[in-house]
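Pasting data.txt here (compact mmCIF, N, CA and C atoms):
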```
# COMPACT_ATOMS: atom_id res chain seq x y z
N MET A 1 111.49 107.81 117.44
CA MET A 1 112.04 108.41 116.25
C MET A 1 112.76 109.69 116.62
N LYS A 2 113.68 110.05 115.79
CA LYS A 2 114.50 111.21 116.05
C LYS A 2 114.43 112.14 114.85
N LYS A 3 114.18 113.42 115.11
CA LYS A 3 114.14 114.39 114.02
C LYS A 3 115.52 114.95 113.78
N SER A 4 115.91 114.98 112.53
CA SER A 4 117.20 115.54 112.17
C SER A 4 117.04 117.04 111.89
N LYS A 5 118.14 117.68 111.53
CA LYS A 5 118.12 119.12 111.24
C LYS A 5 117.18 119.46 110.10
N ASN A 6 117.05 118.55 109.13
CA ASN A 6 116.20 118.84 107.98
C ASN A 6 114.74 118.47 108.23
N GLY A 7 114.39 118.03 109.45
CA GLY A 7 113.02 117.74 109.81
C GLY A 7 112.55 116.34 109.45
N ILE A 8 113.42 115.53 108.85
CA ILE A 8 113.04 114.18 108.47
C ILE A 8 113.22 113.27 109.67
N GLU A 9 112.19 112.48 109.94
CA GLU A 9 112.26 111.56 111.06
C GLU A 9 113.05 110.32 110.65
N SER A 10 113.88 109.85 111.55
CA SER A 10 114.64 108.64 111.28
C SER A 10 114.58 107.73 112.50
N ILE A 11 114.80 106.48 112.26
CA ILE A 11 114.83 105.50 113.33
C ILE A 11 116.27 105.05 113.50
N LYS A 12 116.77 105.15 114.71
CA LYS A 12 118.13 104.70 115.00
C LYS A 12 118.07 103.27 115.51
N LEU A 13 118.83 102.39 114.87
CA LEU A 13 118.87 101.00 115.30
C LEU A 13 119.76 100.88 116.51
N GLU A 14 119.29 100.20 117.51
CA GLU A 14 120.07 99.96 118.71
C GLU A 14 120.86 98.68 118.54
N LYS A 15 122.14 98.71 118.89
CA LYS A 15 122.99 97.54 118.74
C LYS A 15 122.49 96.34 119.53
N ASN A 16 122.07 96.56 120.74
CA ASN A 16 121.71 95.45 121.60
C ASN A 16 120.21 95.19 121.67
N SER A 17 119.46 95.85 120.82
CA SER A 17 118.03 95.65 120.88
C SER A 17 117.64 94.30 120.28
N SER A 18 116.48 93.85 120.65
CA SER A 18 115.96 92.61 120.10
C SER A 18 115.11 92.99 118.90
N SER A 19 115.75 93.39 117.83
CA SER A 19 115.04 93.87 116.66
C SER A 19 114.80 92.74 115.67
N PRO A 20 113.84 92.92 114.79
CA PRO A 20 113.60 91.91 113.75
C PRO A 20 114.84 91.67 112.89
N ILE A 21 115.60 92.72 112.61
CA ILE A 21 116.80 92.56 111.78
C ILE A 21 117.79 91.64 112.48
N LYS A 22 118.01 91.86 113.75
CA LYS A 22 118.94 91.01 114.50
C LYS A 22 118.47 89.56 114.49
N ASN A 23 117.17 89.37 114.66
CA ASN A 23 116.62 88.01 114.62
C ASN A 23 116.76 87.37 113.25
N TRP A 24 116.57 88.15 112.18
CA TRP A 24 116.74 87.62 110.83
C TRP A 24 118.18 87.20 110.60
N ILE A 25 119.10 88.01 111.08
CA ILE A 25 120.52 87.69 110.94
C ILE A 25 120.85 86.39 111.68
N LEU A 26 120.37 86.26 112.90
CA LEU A 26 120.64 85.06 113.69
C LEU A 26 120.05 83.81 113.04
N GLU A 27 118.83 83.90 112.56
CA GLU A 27 118.19 82.75 111.92
C GLU A 27 118.89 82.41 110.60
N SER A 28 119.26 83.41 109.85
CA SER A 28 119.97 83.18 108.58
C SER A 28 121.33 82.55 108.83
N ALA A 29 122.00 83.00 109.87
CA ALA A 29 123.30 82.43 110.22
C ALA A 29 123.15 80.97 110.60
N ARG A 30 122.12 80.65 111.37
CA ARG A 30 121.89 79.25 111.76
C ARG A 30 121.71 78.37 110.53
N ILE A 31 120.95 78.86 109.56
CA ILE A 31 120.74 78.10 108.33
C ILE A 31 122.05 77.94 107.56
N CYS A 32 122.82 79.02 107.46
CA CYS A 32 124.12 78.95 106.76
C CYS A 32 125.07 77.98 107.45
N TYR A 33 125.16 78.06 108.77
CA TYR A 33 126.05 77.16 109.50
C TYR A 33 125.62 75.71 109.31
N ASP A 34 124.30 75.46 109.32
CA ASP A 34 123.79 74.10 109.15
C ASP A 34 124.05 73.55 107.75
N THR A 35 123.89 74.39 106.74
CA THR A 35 124.02 73.91 105.36
C THR A 35 125.44 73.97 104.82
N LEU A 36 126.18 75.00 105.19
CA LEU A 36 127.53 75.19 104.64
C LEU A 36 128.64 74.76 105.60
N GLY A 37 128.34 74.73 106.87
CA GLY A 37 129.37 74.50 107.88
C GLY A 37 129.97 75.84 108.30
N PHE A 38 130.57 75.84 109.47
CA PHE A 38 131.11 77.08 110.02
C PHE A 38 132.21 77.69 109.14
N ASP A 39 133.14 76.86 108.66
CA ASP A 39 134.27 77.37 107.89
C ASP A 39 133.88 78.01 106.56
N LYS A 40 132.85 77.49 105.90
CA LYS A 40 132.43 78.04 104.60
C LYS A 40 131.40 79.15 104.72
N THR A 41 130.90 79.38 105.91
CA THR A 41 129.96 80.48 106.13
C THR A 41 130.74 81.77 106.29
N THR A 42 130.31 82.81 105.60
CA THR A 42 130.93 84.13 105.72
C THR A 42 129.86 85.14 106.15
N THR A 43 130.31 86.28 106.62
CA THR A 43 129.34 87.32 106.98
C THR A 43 128.58 87.78 105.75
N ASN A 44 129.22 87.80 104.59
CA ASN A 44 128.53 88.18 103.35
C ASN A 44 127.41 87.20 103.03
N LYS A 45 127.66 85.90 103.18
CA LYS A 45 126.62 84.91 102.91
C LYS A 45 125.47 85.03 103.90
N ILE A 46 125.79 85.31 105.14
CA ILE A 46 124.74 85.49 106.16
C ILE A 46 123.90 86.72 105.82
N ALA A 47 124.55 87.81 105.45
CA ALA A 47 123.82 89.04 105.11
C ALA A 47 122.91 88.82 103.90
N ILE A 48 123.41 88.12 102.90
CA ILE A 48 122.60 87.84 101.70
C ILE A 48 121.39 87.00 102.09
N LYS A 49 121.62 85.95 102.87
CA LYS A 49 120.52 85.08 103.30
C LYS A 49 119.49 85.85 104.11
N ALA A 50 119.95 86.78 104.95
CA ALA A 50 119.05 87.58 105.79
C ALA A 50 118.37 88.70 105.02
N GLY A 51 118.89 89.02 103.83
CA GLY A 51 118.32 90.12 103.05
C GLY A 51 118.66 91.49 103.61
N VAL A 52 119.84 91.58 104.23
CA VAL A 52 120.29 92.86 104.78
C VAL A 52 121.65 93.20 104.18
N SER A 53 122.04 94.45 104.28
CA SER A 53 123.37 94.84 103.81
C SER A 53 124.42 94.36 104.80
N ILE A 54 125.63 94.24 104.33
CA ILE A 54 126.72 93.83 105.22
C ILE A 54 126.92 94.88 106.32
N GLY A 55 126.68 96.13 106.01
CA GLY A 55 126.78 97.19 107.01
C GLY A 55 125.77 97.02 108.13
N SER A 56 124.54 96.60 107.77
CA SER A 56 123.53 96.34 108.79
C SER A 56 123.94 95.19 109.68
N LEU A 57 124.50 94.15 109.09
CA LEU A 57 124.96 93.01 109.88
C LEU A 57 126.01 93.47 110.89
N TYR A 58 126.95 94.30 110.44
CA TYR A 58 128.02 94.74 111.33
C TYR A 58 127.55 95.74 112.39
N GLN A 59 126.34 96.29 112.24
CA GLN A 59 125.79 97.13 113.31
C GLN A 59 125.45 96.28 114.54
N TYR A 60 125.19 95.01 114.30
CA TYR A 60 124.78 94.11 115.38
C TYR A 60 125.87 93.15 115.83
N PHE A 61 126.74 92.73 114.90
CA PHE A 61 127.74 91.72 115.20
C PHE A 61 129.08 92.09 114.55
N PRO A 62 130.19 91.93 115.27
CA PRO A 62 131.50 92.30 114.70
C PRO A 62 132.06 91.25 113.73
N ASN A 63 131.60 89.99 113.83
CA ASN A 63 132.13 88.92 112.96
C ASN A 63 131.23 87.70 113.07
N LYS A 64 131.56 86.67 112.28
CA LYS A 64 130.71 85.48 112.27
C LYS A 64 130.81 84.67 113.57
N GLU A 65 131.91 84.80 114.25
CA GLU A 65 132.06 84.12 115.53
C GLU A 65 131.08 84.68 116.56
N ALA A 66 130.92 85.99 116.56
CA ALA A 66 129.98 86.64 117.50
C ALA A 66 128.55 86.23 117.19
N ILE A 67 128.24 86.07 115.93
CA ILE A 67 126.90 85.62 115.55
C ILE A 67 126.69 84.20 116.05
N PHE A 68 127.69 83.37 115.90
CA PHE A 68 127.60 81.97 116.31
C PHE A 68 127.34 81.85 117.80
N TYR A 69 128.05 82.65 118.60
CA TYR A 69 127.90 82.58 120.05
C TYR A 69 126.66 83.32 120.51
```
Please re-express this file's structure in structure tokens.
Amino acid sequence: MKKSKNGIESIKLEKNSSSPIKNWILESARICYDTLGFDKTTTNKIAIKAGVSIGSLYQYFPNKEAIFY
């Protein structure tokens, strides 16, 4: 954890870490790709399925192609 100027502790998410959020995104994407197909899957749909904000998704992946690979 990192203390900010105001003394509040915060956790910084690491882009390349094996975090639960990253795993949720990957699993949600797999489900979306399986049910909707690659073309109809969007990053917004993946984020909704994962229960994360679109901003959180983009902290880990730049686009749906990167999630797929």
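CA of Trp24 in chain A is found 9.2 Å from CA of Ala47 in chain A.
We find CA of Ser18 in chain A and CA of Thr35 in chain A to be spaced 25.1 Å apart.
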For atom N of Ser19 in chain A and atom C of Cys32 in chain A, the interatomic separation in Å (one decimal): 20.8 Å
Best match for closeness to Tyr60 in chain A among A:Gly37, A:Glu27, A:Lys45, A:Lys22, counting all atoms listed in the file: A:Lys22
Selection near Phe68 in chain A, 8 Å with only N, CA and C atoms, sequence-local residues under 3 positions removed, as an MDAnalysis selection string: chainID A and resid 26 29:30 63:65
Just write the chosen residues, N, CA and C atoms, as a tab-separated table (two decimals), in the coordinates of the input.
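Output saved as part.tsv:
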```tsv
chain	number	residue	atom	x	y	z
A	26	LEU	N	120.37	86.26	112.90
A	26	LEU	CA	120.64	85.06	113.69
A	26	LEU	C	120.05	83.81	113.04
A	29	ALA	N	122.00	83.00	109.87
A	29	ALA	CA	123.30	82.43	110.22
A	29	ALA	C	123.15	80.97	110.60
A	30	ARG	N	122.12	80.65	111.37
A	30	ARG	CA	121.89	79.25	111.76
A	30	ARG	C	121.71	78.37	110.53
A	63	ASN	N	131.60	89.99	113.83
A	63	ASN	CA	132.13	88.92	112.96
A	63	ASN	C	131.23	87.70	113.07
A	64	LYS	N	131.56	86.67	112.28
A	64	LYS	CA	130.71	85.48	112.27
A	64	LYS	C	130.81	84.67	113.57
A	65	GLU	N	131.91	84.80	114.25
A	65	GLU	CA	132.06	84.12	115.53
A	65	GLU	C	131.08	84.68	116.56
```
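With only N, CA and C atoms as the atoms that count, the residue of A:Thr42, A:Ala66, A:Ser56, A:Ala50 with the shortest distance to Ser28 in chain A is A:Ala50.
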